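S.K.: As input, take work-v8.tsv (TSV, C-alpha atoms):
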chain	number	residue	atom	x	y	z
A	1	MET	CA	36.45	198.96	100.55
A	2	ALA	CA	36.93	195.83	102.61
A	3	ASN	CA	39.01	194.41	99.79
A	4	LYS	CA	41.20	197.46	99.71
A	5	MET	CA	41.76	197.28	103.46
A	6	LYS	CA	42.84	193.69	103.06
A	7	ILE	CA	45.42	194.64	100.45
A	8	ILE	CA	46.80	197.34	102.68
A	9	LYS	CA	46.93	194.93	105.60
A	10	LYS	CA	48.72	192.35	103.48
A	11	SER	CA	51.18	194.86	102.13
A	12	MET	CA	51.87	196.07	105.68
A	13	ALA	CA	53.27	192.63	106.42
A	14	TRP	CA	56.56	193.52	104.80
A	15	TYR	CA	57.42	195.94	107.54
A	16	TYR	CA	57.43	193.12	110.06
A	17	PRO	CA	60.25	190.68	109.73
A	18	ASN	CA	58.57	188.10	111.98
A	19	TYR	CA	58.50	185.49	109.26
A	20	LEU	CA	62.29	185.39	108.97
A	21	LEU	CA	63.71	181.97	109.45
A	22	PRO	CA	65.90	181.96	112.54
A	23	LYS	CA	68.38	179.45	111.10
A	24	ILE	CA	69.07	181.57	108.04
A	25	ARG	CA	69.52	184.64	110.17
A	26	GLY	CA	72.00	182.83	112.33
A	27	VAL	CA	74.07	182.00	109.28
A	28	ILE	CA	74.01	185.46	107.83
A	29	GLN	CA	74.68	187.48	110.92
A	30	CYS	CA	78.11	186.08	111.64
A	31	ARG	CA	79.83	188.74	109.58
A	32	ASP	CA	83.55	188.49	109.38
A	33	TYR	CA	86.01	191.07	108.24
A	34	ALA	CA	88.39	190.27	105.41
A	35	ARG	CA	92.16	190.19	105.71
A	36	ASN	CA	94.10	193.11	107.19
A	37	THR	CA	91.42	193.84	109.73
A	38	THR	CA	92.35	196.27	112.45
A	39	PHE	CA	90.44	194.22	114.99
A	40	GLN	CA	92.11	191.58	117.09
A	41	SER	CA	90.68	188.10	117.11
A	42	TYR	CA	89.03	188.56	120.50
A	43	TYR	CA	86.73	191.31	119.18
A	44	GLN	CA	83.11	190.15	119.11
A	45	ASN	CA	80.69	190.61	116.23
A	46	PRO	CA	78.08	193.23	117.09
A	47	VAL	CA	74.60	192.07	118.09
A	48	PHE	CA	72.47	194.83	116.62
A	49	ARG	CA	68.99	193.28	116.51
A	50	LYS	CA	66.76	193.77	119.52
A	51	GLU	CA	65.45	190.20	119.27
A	52	ASP	CA	68.97	188.81	119.36
A	53	GLN	CA	69.89	191.00	122.31
A	54	ALA	CA	66.80	189.77	124.15
A	55	LYS	CA	67.84	186.19	123.38
A	56	LEU	CA	71.31	186.87	124.80
A	57	ILE	CA	69.85	188.36	127.97
A	58	GLU	CA	67.49	185.42	128.33
A	59	SER	CA	70.24	182.84	128.00
A	60	SER	CA	72.43	184.95	130.37
A	61	GLU	CA	75.29	184.96	127.88
A	62	LEU	CA	75.39	188.73	127.83
A	63	SER	CA	77.64	188.95	130.87
A	64	LYS	CA	80.20	186.75	129.10
A	65	ILE	CA	80.21	188.87	125.93
A	66	ALA	CA	80.13	192.16	127.82
A	67	ALA	CA	83.70	191.62	128.99
A	68	PHE	CA	85.05	191.72	125.42
A	69	PRO	CA	85.29	194.64	122.99
A	70	VAL	CA	82.87	194.63	120.06
A	71	LYS	CA	83.42	195.42	116.38
A	72	PRO	CA	81.40	198.37	115.06
A	73	PRO	CA	78.36	197.34	113.01
A	74	ALA	CA	78.36	198.13	109.28
A	75	ALA	CA	76.23	201.01	108.06
A	76	CYS	CA	73.55	198.62	106.78
A	77	GLU	CA	73.35	196.66	110.02
A	78	THR	CA	70.62	198.48	111.89
A	79	SER	CA	67.92	197.57	114.35
A	80	SER	CA	65.38	199.13	111.99
A	81	VAL	CA	62.25	197.13	111.22
A	82	TYR	CA	63.18	197.39	107.53
A	83	HIS	CA	66.42	195.50	108.06
A	84	ASP	CA	66.41	192.08	106.46
A	85	PRO	CA	69.65	190.08	106.40
A	86	ILE	CA	68.71	188.12	103.28
A	87	VAL	CA	67.81	191.24	101.32
A	88	ASN	CA	71.09	192.76	102.43
A	89	LYS	CA	72.94	189.67	101.26
A	90	VAL	CA	71.29	189.81	97.83
A	91	ILE	CA	72.13	193.53	97.56
A	92	ASN	CA	75.75	192.71	98.27
A	93	HIS	CA	75.69	190.01	95.59
A	94	ILE	CA	74.25	192.43	93.03
A	95	MET	CA	76.69	195.21	93.95
A	96	GLU	CA	79.57	195.92	91.57
A	97	MET	CA	82.52	198.21	92.29
A	98	GLY	CA	81.08	199.09	95.71
A	99	LYS	CA	78.09	200.93	94.28
A	100	LYS	CA	75.70	199.84	96.97
A	101	SER	CA	73.09	202.54	96.49
A	102	LEU	CA	72.72	201.48	92.85
A	103	ALA	CA	72.38	197.83	93.85
A	104	ARG	CA	69.78	198.77	96.45
A	105	SER	CA	67.81	200.84	93.96
A	106	LEU	CA	67.85	197.88	91.53
A	107	ILE	CA	66.46	195.47	94.08
A	108	GLU	CA	63.87	198.00	95.24
A	109	LYS	CA	62.75	198.42	91.65
A	110	ALA	CA	62.52	194.65	91.33
A	111	PHE	CA	60.39	194.56	94.50
A	112	GLU	CA	58.15	197.23	93.00
A	113	ASN	CA	57.76	195.14	89.84
A	114	ILE	CA	56.86	192.08	91.91
A	115	LYS	CA	54.33	194.09	93.89
A	116	ARG	CA	52.72	195.45	90.73
A	117	THR	CA	52.51	192.01	89.11
A	118	GLN	CA	51.06	190.39	92.20
A	119	ILE	CA	48.49	193.14	92.74
A	120	GLU	CA	47.43	192.81	89.11
A	121	ARG	CA	47.05	189.07	89.60
A	122	TYR	CA	45.13	189.71	92.79
A	123	HIS	CA	42.60	191.91	91.05
A	124	LEU	CA	42.30	189.54	88.11
A	125	ALA	CA	41.51	186.62	90.40
A	126	SER	CA	37.78	186.03	90.52
A	127	THR	CA	37.18	184.10	93.74
A	128	GLN	CA	38.28	184.88	97.29
A	129	GLN	CA	40.13	181.56	97.60
A	130	GLU	CA	42.30	182.39	94.60
A	131	LYS	CA	42.96	185.84	96.00
A	132	ASP	CA	44.06	184.44	99.34
A	133	LYS	CA	46.64	182.27	97.62
A	134	ILE	CA	48.41	185.22	96.00
A	135	GLU	CA	51.38	186.48	98.00
A	136	LEU	CA	51.62	190.26	97.82
A	137	ASP	CA	54.73	190.78	99.94
A	138	PRO	CA	57.83	190.99	97.71
A	139	LYS	CA	60.22	190.24	100.56
A	140	LYS	CA	58.30	187.07	101.38
A	141	ILE	CA	58.52	186.14	97.69
A	142	LEU	CA	62.29	186.68	97.74
A	143	HIS	CA	62.60	184.47	100.82
A	144	GLN	CA	60.44	181.78	99.25
A	145	ALA	CA	62.40	181.97	95.97
A	146	ILE	CA	65.72	181.55	97.76
A	147	GLU	CA	64.33	178.73	99.90
A	148	ASN	CA	63.10	176.93	96.77
A	149	SER	CA	66.37	177.31	94.87
A	150	LYS	CA	68.67	176.13	97.66
A	151	PRO	CA	70.35	172.85	96.66
A	152	LEU	CA	70.44	169.99	99.18
A	153	LEU	CA	73.46	168.23	97.76
A	154	GLN	CA	76.73	169.05	96.06
A	155	LEU	CA	79.19	167.20	93.86
A	156	THR	CA	82.81	167.16	94.97
A	157	PRO	CA	85.54	165.94	92.60
A	158	ILE	CA	87.56	163.17	94.25
A	159	LYS	CA	90.50	161.53	92.55
A	160	ARG	CA	90.73	157.77	92.97
A	161	GLY	CA	93.05	155.65	90.87
A	162	GLY	CA	93.74	158.40	88.34
A	163	ILE	CA	90.04	158.96	87.65
A	164	THR	CA	88.20	161.98	89.02
A	165	TYR	CA	84.82	160.96	90.35
A	166	GLN	CA	82.04	163.46	90.99
A	167	VAL	CA	80.96	162.37	94.43
A	168	PRO	CA	77.61	163.53	95.87
A	169	GLY	CA	77.48	164.67	99.46
A	170	PRO	CA	75.68	167.02	101.83
A	171	ILE	CA	76.14	170.76	101.54
A	172	THR	CA	76.54	173.33	104.29
A	173	GLU	CA	73.79	175.84	105.00
A	174	ASN	CA	76.03	178.75	104.05
A	175	ARG	CA	77.12	177.34	100.71
A	176	SER	CA	73.62	176.34	99.71
A	177	LEU	CA	72.41	179.90	100.41
A	178	PHE	CA	75.31	181.28	98.37
A	179	LEU	CA	74.53	178.98	95.44
A	180	ALA	CA	70.83	179.87	95.53
A	181	ILE	CA	71.53	183.62	95.28
A	182	LYS	CA	74.24	183.07	92.67
A	183	TRP	CA	71.97	180.95	90.48
A	184	LEU	CA	69.11	183.44	90.76
A	185	LEU	CA	71.42	186.24	89.63
A	186	GLU	CA	73.00	184.17	86.85
A	187	ALA	CA	69.53	183.34	85.54
A	188	THR	CA	68.71	187.05	85.64
A	189	TYR	CA	71.81	188.13	83.75
A	190	GLU	CA	70.84	185.73	80.97
A	191	LYS	CA	68.44	188.17	79.32
A	192	GLU	CA	67.82	190.27	76.24
A	193	ARG	CA	69.71	193.55	76.14
A	194	THR	CA	66.45	195.49	76.01
A	195	VAL	CA	65.05	193.89	79.18
A	196	HIS	CA	66.27	195.65	82.29
A	197	PHE	CA	67.66	193.94	85.36
A	198	PRO	CA	64.80	194.69	87.80
A	199	GLU	CA	62.17	193.33	85.40
A	200	GLN	CA	64.03	190.10	84.76
A	201	PHE	CA	64.97	189.66	88.42
A	202	ALA	CA	61.32	190.11	89.40
A	203	TRP	CA	60.31	187.40	86.94
A	204	GLU	CA	63.00	185.03	88.14
A	205	LEU	CA	61.97	185.54	91.76
A	206	LEU	CA	58.29	184.99	90.98
A	207	ASP	CA	59.16	181.85	89.01
A	208	ALA	CA	61.38	180.44	91.75
A	209	ALA	CA	58.85	181.31	94.45
A	210	SER	CA	56.23	179.27	92.62
A	211	ASN	CA	58.72	176.37	92.43
A	212	SER	CA	59.24	176.56	88.67
A	213	GLY	CA	61.57	178.29	86.24
A	214	LYS	CA	65.24	178.16	85.32
A	215	VAL	CA	66.75	178.18	88.79
A	216	VAL	CA	64.56	175.46	90.28
A	217	LYS	CA	65.27	173.38	87.19
A	218	ARG	CA	69.00	173.93	87.69
A	219	LYS	CA	68.69	172.74	91.28
A	220	GLN	CA	66.76	169.66	90.19
A	221	ASP	CA	69.36	168.94	87.50
A	222	LEU	CA	72.06	169.00	90.16
A	223	HIS	CA	69.98	166.60	92.27
A	224	ARG	CA	69.54	164.34	89.21
A	225	LEU	CA	73.30	164.31	88.64
A	226	CYS	CA	73.85	163.48	92.30
A	227	GLU	CA	71.35	160.65	92.02
A	228	ALA	CA	73.09	159.30	88.92
A	229	ASN	CA	76.45	159.39	90.75
A	230	ARG	CA	75.12	157.92	94.00
A	231	ALA	CA	77.22	154.78	93.50
A	232	TYR	CA	80.34	156.88	94.19
A	233	ALA	CA	78.95	158.29	97.45
A	234	HIS	CA	81.02	155.91	99.55
A	235	TYR	CA	84.21	157.49	98.12
A	236	ARG	CA	83.45	160.54	100.21
A	237	TRP	CA	85.97	160.87	102.95
A	238	GLN	CA	85.24	162.93	105.95
B	1	MET	CA	130.71	139.17	71.04
B	2	ARG	CA	127.82	139.21	73.51
B	3	ILE	CA	128.49	138.24	77.10
B	4	HIS	CA	126.00	135.94	78.70
B	5	PRO	CA	124.06	137.78	81.51
B	6	SER	CA	124.93	135.12	84.06
B	7	LEU	CA	128.60	136.09	83.64
B	8	LEU	CA	127.87	139.80	84.23
B	9	GLY	CA	126.26	139.67	87.69
B	10	GLY	CA	126.89	137.52	90.73
B	11	ALA	CA	128.36	138.08	94.14
B	12	THR	CA	131.75	139.00	92.67
B	13	GLN	CA	130.35	142.24	91.25
B	14	LYS	CA	131.90	145.34	92.88
B	15	ASN	CA	129.06	147.85	92.62
B	16	ALA	CA	125.97	148.19	94.82
B	17	ARG	CA	123.79	146.29	92.38
B	18	ARG	CA	125.32	142.94	93.22
B	19	PRO	CA	123.00	140.46	94.95
B	20	GLN	CA	123.27	140.26	98.72
B	21	LYS	CA	125.42	137.58	100.24
B	22	GLU	CA	123.55	135.28	102.60
B	23	PRO	CA	123.22	135.50	105.53
B	24	VAL	CA	122.28	139.19	105.36
B	25	PRO	CA	123.72	140.98	108.43
B	26	PHE	CA	121.14	142.76	110.63
B	27	GLN	CA	121.45	146.51	110.92
B	28	MET	CA	119.58	148.41	113.63
B	29	LEU	CA	118.34	151.50	111.82
B	30	LEU	CA	115.86	152.59	114.52
B	31	PRO	CA	115.80	151.75	118.24
B	32	LEU	CA	113.91	148.52	118.81
B	33	GLN	CA	111.12	149.92	120.99
B	34	LEU	CA	107.75	151.59	120.52
B	35	LYS	CA	107.55	155.38	120.39
B	36	LYS	CA	106.08	157.25	123.32
B	37	THR	CA	103.52	158.93	121.07
B	38	VAL	CA	100.88	157.81	118.60
B	39	SER	CA	100.28	159.40	115.21
B	40	GLY	CA	96.88	160.84	114.27
B	41	LYS	CA	96.43	158.81	111.11
B	42	GLY	CA	93.99	156.30	112.55
B	43	ASP	CA	91.59	158.98	113.75
B	44	LYS	CA	90.33	159.80	110.28
B	45	LEU	CA	86.85	158.41	109.75
B	46	LYS	CA	86.72	156.18	106.72
B	47	GLU	CA	82.97	156.07	106.49
B	48	ALA	CA	80.94	158.78	104.79
B	49	ALA	CA	78.20	160.34	106.90
B	50	CYS	CA	74.43	160.12	106.34
B	51	MET	CA	74.57	157.52	103.55
B	52	GLN	CA	71.36	155.84	104.67
B	53	GLU	CA	69.41	159.11	104.75
B	54	MET	CA	70.81	160.12	101.37
B	55	ALA	CA	69.75	156.82	99.80
B	56	LEU	CA	66.23	157.23	101.20
B	57	MET	CA	66.07	160.77	99.86
B	58	PHE	CA	67.21	159.66	96.41
B	59	ALA	CA	64.58	156.92	96.37
B	60	CYS	CA	61.87	159.45	97.22
B	61	PHE	CA	63.20	161.92	94.65
B	62	LYS	CA	63.08	159.28	91.96
B	63	LYS	CA	59.52	158.38	92.87
B	64	SER	CA	58.29	161.99	92.79
B	65	ASP	CA	60.35	163.10	89.74
B	66	PHE	CA	62.69	165.27	91.85
B	67	ASN	CA	59.91	167.39	93.28
B	68	GLN	CA	61.25	168.37	96.67
B	69	GLN	CA	57.83	169.31	98.01
B	70	GLU	CA	56.77	165.66	98.12
B	71	CYS	CA	59.79	164.48	100.07
B	72	LEU	CA	59.84	166.96	102.94
B	73	LYS	CA	60.19	164.23	105.55
B	74	GLU	CA	63.20	162.61	103.87
B	75	VAL	CA	64.87	165.97	103.22
B	76	ALA	CA	64.41	167.01	106.84
B	77	ALA	CA	65.87	163.69	108.00
B	78	PHE	CA	68.91	164.10	105.74
B	79	GLN	CA	69.60	167.68	106.78
B	80	GLY	CA	69.05	166.86	110.43
B	81	CYS	CA	71.52	164.00	110.16
B	82	TYR	CA	74.15	166.22	108.53
B	83	ASN	CA	73.68	169.00	111.10
B	84	GLU	CA	73.95	166.47	113.91
B	85	TYR	CA	77.09	165.02	112.34
B	86	ASN	CA	78.64	168.48	111.96
B	87	LYS	CA	77.92	169.32	115.57
B	88	ARG	CA	79.41	166.05	116.75
B	89	MET	CA	82.52	166.54	114.66
B	90	THR	CA	83.12	170.12	115.86
B	91	THR	CA	82.85	169.16	119.53
B	92	GLN	CA	85.10	166.18	118.93
B	93	ARG	CA	87.63	168.35	117.12
B	94	GLU	CA	87.60	170.98	119.83
B	95	GLN	CA	88.03	168.45	122.61
B	96	GLY	CA	90.68	166.65	120.61
B	97	LYS	CA	92.60	169.87	120.00
B	98	LYS	CA	92.58	170.77	123.64
B	99	GLY	CA	93.41	167.20	124.61
B	100	ILE	CA	90.69	167.30	127.24
B	101	LEU	CA	90.28	163.92	128.86
B	102	VAL	CA	86.68	162.90	129.40
B	103	PRO	CA	86.54	160.40	132.26
B	104	GLY	CA	85.19	157.03	131.28
B	105	GLU	CA	85.55	157.56	127.54
B	106	LYS	CA	86.33	154.39	125.59
B	107	LYS	CA	87.39	155.89	122.25
B	108	LEU	CA	90.23	158.37	122.67
B	109	THR	CA	91.60	160.70	120.03
B	110	HIS	CA	95.33	160.65	119.32
B	111	ARG	CA	95.80	163.94	121.17
B	112	GLN	CA	94.07	162.56	124.24
B	113	LEU	CA	96.18	159.42	124.04
B	114	ASN	CA	99.35	161.46	123.78
B	115	GLN	CA	98.24	163.51	126.76
B	116	LEU	CA	97.80	160.31	128.76
B	117	MET	CA	101.13	158.89	127.62
B	118	ARG	CA	102.88	162.11	128.58
B	119	SER	CA	101.42	162.15	132.06
B	120	PHE	CA	102.00	158.42	132.61
B	121	PRO	CA	105.07	157.65	130.48
B	122	PRO	CA	105.50	153.96	129.59
B	123	LYS	CA	108.66	152.39	130.94
Rewrite the structure of this file - the entire thing - as structure tokens.
M.R.:
Amino acid sequence: MANKMKIIKKSMAWYYPNYLLPKIRGVIQCRDYARNTTFQSYYQNPVFRKEDQAKLIESSELSKIAAFPVKPPAACETSSVYHDPIVNKVINHIMEMGKKSLARSLIEKAFENIKRTQIERYHLASTQQEKDKIELDPKKILHQAIENSKPLLQLTPIKRGGITYQVPGPITENRSLFLAIKWLLEATYEKERTVHFPEQFAWELLDAASNSGKVVKRKQDLHRLCEANRAYAHYRWQ
Amino acid sequence: MRIHPSLLGGATQKNARRPQKEPVPFQMLLPLQLKKTVSGKGDKLKEAACMQEMALMFACFKKSDFNQQECLKEVAAFQGCYNEYNKRMTTQREQGKKGILVPGEKKLTHRQLNQLMRSFPPK
């Protein structure tokens, strides 16, 4: 009984987005409209999370923003406890032809698969210490997987004396997040026809969260290439 | 019959390819004084940022076979350096764009210099 309560308590954790990394959220929340927007440049992005609003009030920046008109938030941008900017980002990456509900159902199915696998592992584990190590929250696993597959460096082609050098350099937070999600999805699409997307995606996420698998290897390969080309690093111009 | 090349050229030639006759007369193509503005070419930083941190990170990566978990300190130092650099560059760019003059600053951007030259034009 006590065990069961613990599982429920652990699984409850995915309703509370307290573990979200503030830096990632800062990157994701600055949503910009594409071309041909009807909003003038002085329109502010909406602040729809209660925590962020509290932060604004605390830093007394609210009075500055209050003077300007605000863009309407998108349908998915809610102050609900279920809202998670990273999950939303991944849904948007999976989405094709604007079929968001399908993309959402796919990722929810993948989360269910992760949950089932982890609970099975939990019950198979013999000792309490092993059980404590197993993460049962699929959203936490997604966050960990993305964090583990984010590259730290990138190679930029720079032409010097008719030769194109691949020059290693630092990467922005935004681009590294984009690459991590892109690589995770590319690894997922590389599957047998009979294996469905949610299954494969769940496996890729579990692999990346445990710091192994295709995507982490791809990141390390990029780092290796950067290390091999480190002699060109001084070609980088800023 | 072939003509010897020394007979072809020389100062007697009529076209523009003839050698110049010494002394070459001076032509003033531009006014002989400095411009009242400076160009922004010198402002570009030649040096790449965070090279030291990157080298340290690579050394650690090589030691731990590219396992990031063992080099958390180096990685944090590298990313912190890059973030710091980005922040510095954005503030510099913004101030440069506006041409805001910070009192007591030794290194001025070209926009700031132009601002100064405009308000106190050289004779």
S.K.: Can you pull out the residues contacting segment 70-83 of chain B? Cut-off 10 Å, using all atoms listed in the file, and skip same-chain residues under 5 positions away; I want them as a VMD selection string.
M.R.: (chain A and resid 152 to 153 169 to 173) or (chain B and resid 49 to 61 63 to 65 88 to 89)
S.K.: Export C-alpha atoms of the chosen residues as a PDB file, keeping the file's coordinate frame?
M.R.:
ATOM      1  CA  LEU A 152      70.440 169.990  99.180  1.00  0.00           C
ATOM      2  CA  LEU A 153      73.460 168.230  97.760  1.00  0.00           C
ATOM      3  CA  GLY A 169      77.480 164.670  99.460  1.00  0.00           C
ATOM      4  CA  PRO A 170      75.680 167.020 101.830  1.00  0.00           C
ATOM      5  CA  ILE A 171      76.140 170.760 101.540  1.00  0.00           C
ATOM      6  CA  THR A 172      76.540 173.330 104.290  1.00  0.00           C
ATOM      7  CA  GLU A 173      73.790 175.840 105.000  1.00  0.00           C
TER       8      GLU A 173
ATOM      9  CA  ALA B  49      78.200 160.340 106.900  1.00  0.00           C
ATOM     10  CA  CYS B  50      74.430 160.120 106.340  1.00  0.00           C
ATOM     11  CA  MET B  51      74.570 157.520 103.550  1.00  0.00           C
ATOM     12  CA  GLN B  52      71.360 155.840 104.670  1.00  0.00           C
ATOM     13  CA  GLU B  53      69.410 159.110 104.750  1.00  0.00           C
ATOM     14  CA  MET B  54      70.810 160.120 101.370  1.00  0.00           C
ATOM     15  CA  ALA B  55      69.750 156.820  99.800  1.00  0.00           C
ATOM     16  CA  LEU B  56      66.230 157.230 101.200  1.00  0.00           C
ATOM     17  CA  MET B  57      66.070 160.770  99.860  1.00  0.00           C
ATOM     18  CA  PHE B  58      67.210 159.660  96.410  1.00  0.00           C
ATOM     19  CA  ALA B  59      64.580 156.920  96.370  1.00  0.00           C
ATOM     20  CA  CYS B  60      61.870 159.450  97.220  1.00  0.00           C
ATOM     21  CA  PHE B  61      63.200 161.920  94.650  1.00  0.00           C
ATOM     22  CA  LYS B  63      59.520 158.380  92.870  1.00  0.00           C
ATOM     23  CA  SER B  64      58.290 161.990  92.790  1.00  0.00           C
ATOM     24  CA  ASP B  65      60.350 163.100  89.740  1.00  0.00           C
ATOM     25  CA  ARG B  88      79.410 166.050 116.750  1.00  0.00           C
ATOM     26  CA  MET B  89      82.520 166.540 114.660  1.00  0.00           C
TER      27      MET B  89
END
S.K.: Provide as a ChimeraX atom specification the residues of chain A at most 9 Å from chain B, counting all atoms listed in the file.
M.R.: /A:148,152,169-172,220-221,223-224,226-227,230,233-238
S.K.: Report, in Å with one decimal, the straight-line distance from atom CA of Leu155 of chain A to atom CA of Ser176 of chain A.
M.R.: 12.2 Å
S.K.: Grab the atom CA of Thr188 of chain A to atom CA of Ile134 of chain A distance for me, in Å with one decimal place.
M.R.: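 It comes out at 22.9 Å.
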S.K.: Do a neighbour search on Gln95 of chain B at 9 Å with all atoms listed in the file, toss out local chain neighbours closer than 5 positions, and write the hits as number ranges by chain.
M.R.: B: 90, 100-102, 109, 112
S.K.: For the residues selected in the previous step, produce a file with C-alpha atoms as a compact mmCIF listing (two decimals), in the frame of the given file.
M.R.:
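Listed below is the output, again02.txt:
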# COMPACT_ATOMS: atom_id res chain seq x y z
CA THR B 90 83.12 170.12 115.86
CA ILE B 100 90.69 167.30 127.24
CA LEU B 101 90.28 163.92 128.86
CA VAL B 102 86.68 162.90 129.40
CA THR B 109 91.60 160.70 120.03
CA GLN B 112 94.07 162.56 124.24
S.K.: Extract, using all atoms listed in the file, all DNA, RNA and protein residues at most 9 Å from Asn88 of chain A, discarding same-chain residues fewer than 5 positions from it, and format them as an MDAnalysis selection string.
M.R.: chainID A and resid 76:77 83 93 104
S.K.: Please compute the atom CA of Lys97 of chain B-atom CA of Ile65 of chain A distance, one decimal, in Å.
M.R.: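 Computing it gives 23.4 Å between the two atoms.
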S.K.: Every residue with an atom at most 10 Å from (60.8, 177.7, 98.8) (file coordinates; only C-alpha atoms) is what I'm after, so could you write them as a list in words?
M.R.: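 Answer for this query, in the requested form: Ile141, Leu142, His143, Gln144, Ala145, Ile146, Glu147, Asn148, Ser149, Lys150, Ala208, Ala209, Ser210, Asn211 and Val216 of chain A; Gln68 and Gln69 of chain B.
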S.K.: Provide an axis-aligned box for all listed atoms of segment 93-99 of chain B, padding each side by 3 Å; report its centre and its edge lengths in Å to one decimal, as AutoDock Vina command-line options.
M.R.:
--center_x 90.5 --center_y 168.8 --center_z 120.9 --size_x 11.8 --size_y 10.3 --size_z 13.5
S.K.: Would you pick out the contacts of His110 of chain B at 8 Å or less, using only C-alpha atoms, so that residues sharing its chain but fewer than 6 positions from it are not included, and give the list as a list in words?
M.R.: Val38, Ser39, Gly40, Asp43 and Gly96 of chain B
S.K.: Using only C-alpha atoms, pick whichever of B:Leu30, B:Thr37, B:Lys87, B:Glu94 has the shortest atom-to-atom distance to Leu116 of chain B.
M.R.: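 Selected residue with least distance to Leu116 of chain B: B:Thr37.
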S.K.: Tell me, as a compact mmCIF listing (two decimals) with C-alpha atoms, in the frame of the given file, which residues lie within 9 Å of Gln200 of chain A, counting all atoms listed in the file; anything in the same chain fewer than 3 positions away does not count.
M.R.:
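So around.txt came out as:
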# COMPACT_ATOMS: atom_id res chain seq x y z
CA ALA A 110 62.52 194.65 91.33
CA ALA A 187 69.53 183.34 85.54
CA THR A 188 68.71 187.05 85.64
CA TYR A 189 71.81 188.13 83.75
CA GLU A 190 70.84 185.73 80.97
CA LYS A 191 68.44 188.17 79.32
CA VAL A 195 65.05 193.89 79.18
CA HIS A 196 66.27 195.65 82.29
CA PHE A 197 67.66 193.94 85.36
CA TRP A 203 60.31 187.40 86.94
CA GLU A 204 63.00 185.03 88.14
CA LEU A 205 61.97 185.54 91.76
S.K.: My structure is short of atoms at segment 153-164 of chain A; please model N, CA, C and O atoms there, returning them as a compact mmCIF listing (two decimals), keeping the file's coordinate frame.
M.R.:
# COMPACT_ATOMS: atom_id res chain seq x y z
N LEU A 153 72.28 169.06 97.93
CA LEU A 153 73.46 168.23 97.76
C LEU A 153 74.48 168.97 96.92
O LEU A 153 74.15 169.94 96.24
N GLN A 154 75.72 168.50 96.96
CA GLN A 154 76.73 169.05 96.06
C GLN A 154 77.62 167.92 95.56
O GLN A 154 77.69 166.87 96.17
N LEU A 155 78.27 168.19 94.42
CA LEU A 155 79.19 167.20 93.86
C LEU A 155 80.61 167.68 94.13
O LEU A 155 80.96 168.81 93.81
N THR A 156 81.41 166.80 94.75
CA THR A 156 82.81 167.16 94.97
C THR A 156 83.69 166.24 94.13
O THR A 156 83.49 165.03 94.16
N PRO A 157 84.64 166.80 93.37
CA PRO A 157 85.54 165.94 92.60
C PRO A 157 86.55 165.26 93.52
O PRO A 157 87.22 165.93 94.30
N ILE A 158 86.60 163.94 93.44
CA ILE A 158 87.56 163.17 94.25
C ILE A 158 88.33 162.24 93.34
O ILE A 158 87.74 161.52 92.53
N LYS A 159 89.66 162.30 93.45
CA LYS A 159 90.50 161.53 92.55
C LYS A 159 90.82 160.19 93.19
O LYS A 159 91.37 160.12 94.27
N ARG A 160 90.43 159.13 92.51
CA ARG A 160 90.73 157.77 92.97
C ARG A 160 91.26 156.97 91.79
O ARG A 160 90.56 156.84 90.79
N GLY A 161 92.49 156.48 91.92
CA GLY A 161 93.05 155.65 90.87
C GLY A 161 93.15 156.36 89.53
O GLY A 161 92.89 155.78 88.49
N GLY A 162 93.53 157.64 89.57
CA GLY A 162 93.74 158.40 88.34
C GLY A 162 92.47 158.87 87.68
O GLY A 162 92.52 159.55 86.68
N ILE A 163 91.31 158.51 88.23
CA ILE A 163 90.04 158.96 87.65
C ILE A 163 89.38 159.90 88.64
O ILE A 163 89.33 159.62 89.84
N THR A 164 88.90 161.03 88.15
CA THR A 164 88.20 161.98 89.02
C THR A 164 86.72 161.64 89.03
O THR A 164 86.06 161.73 88.00
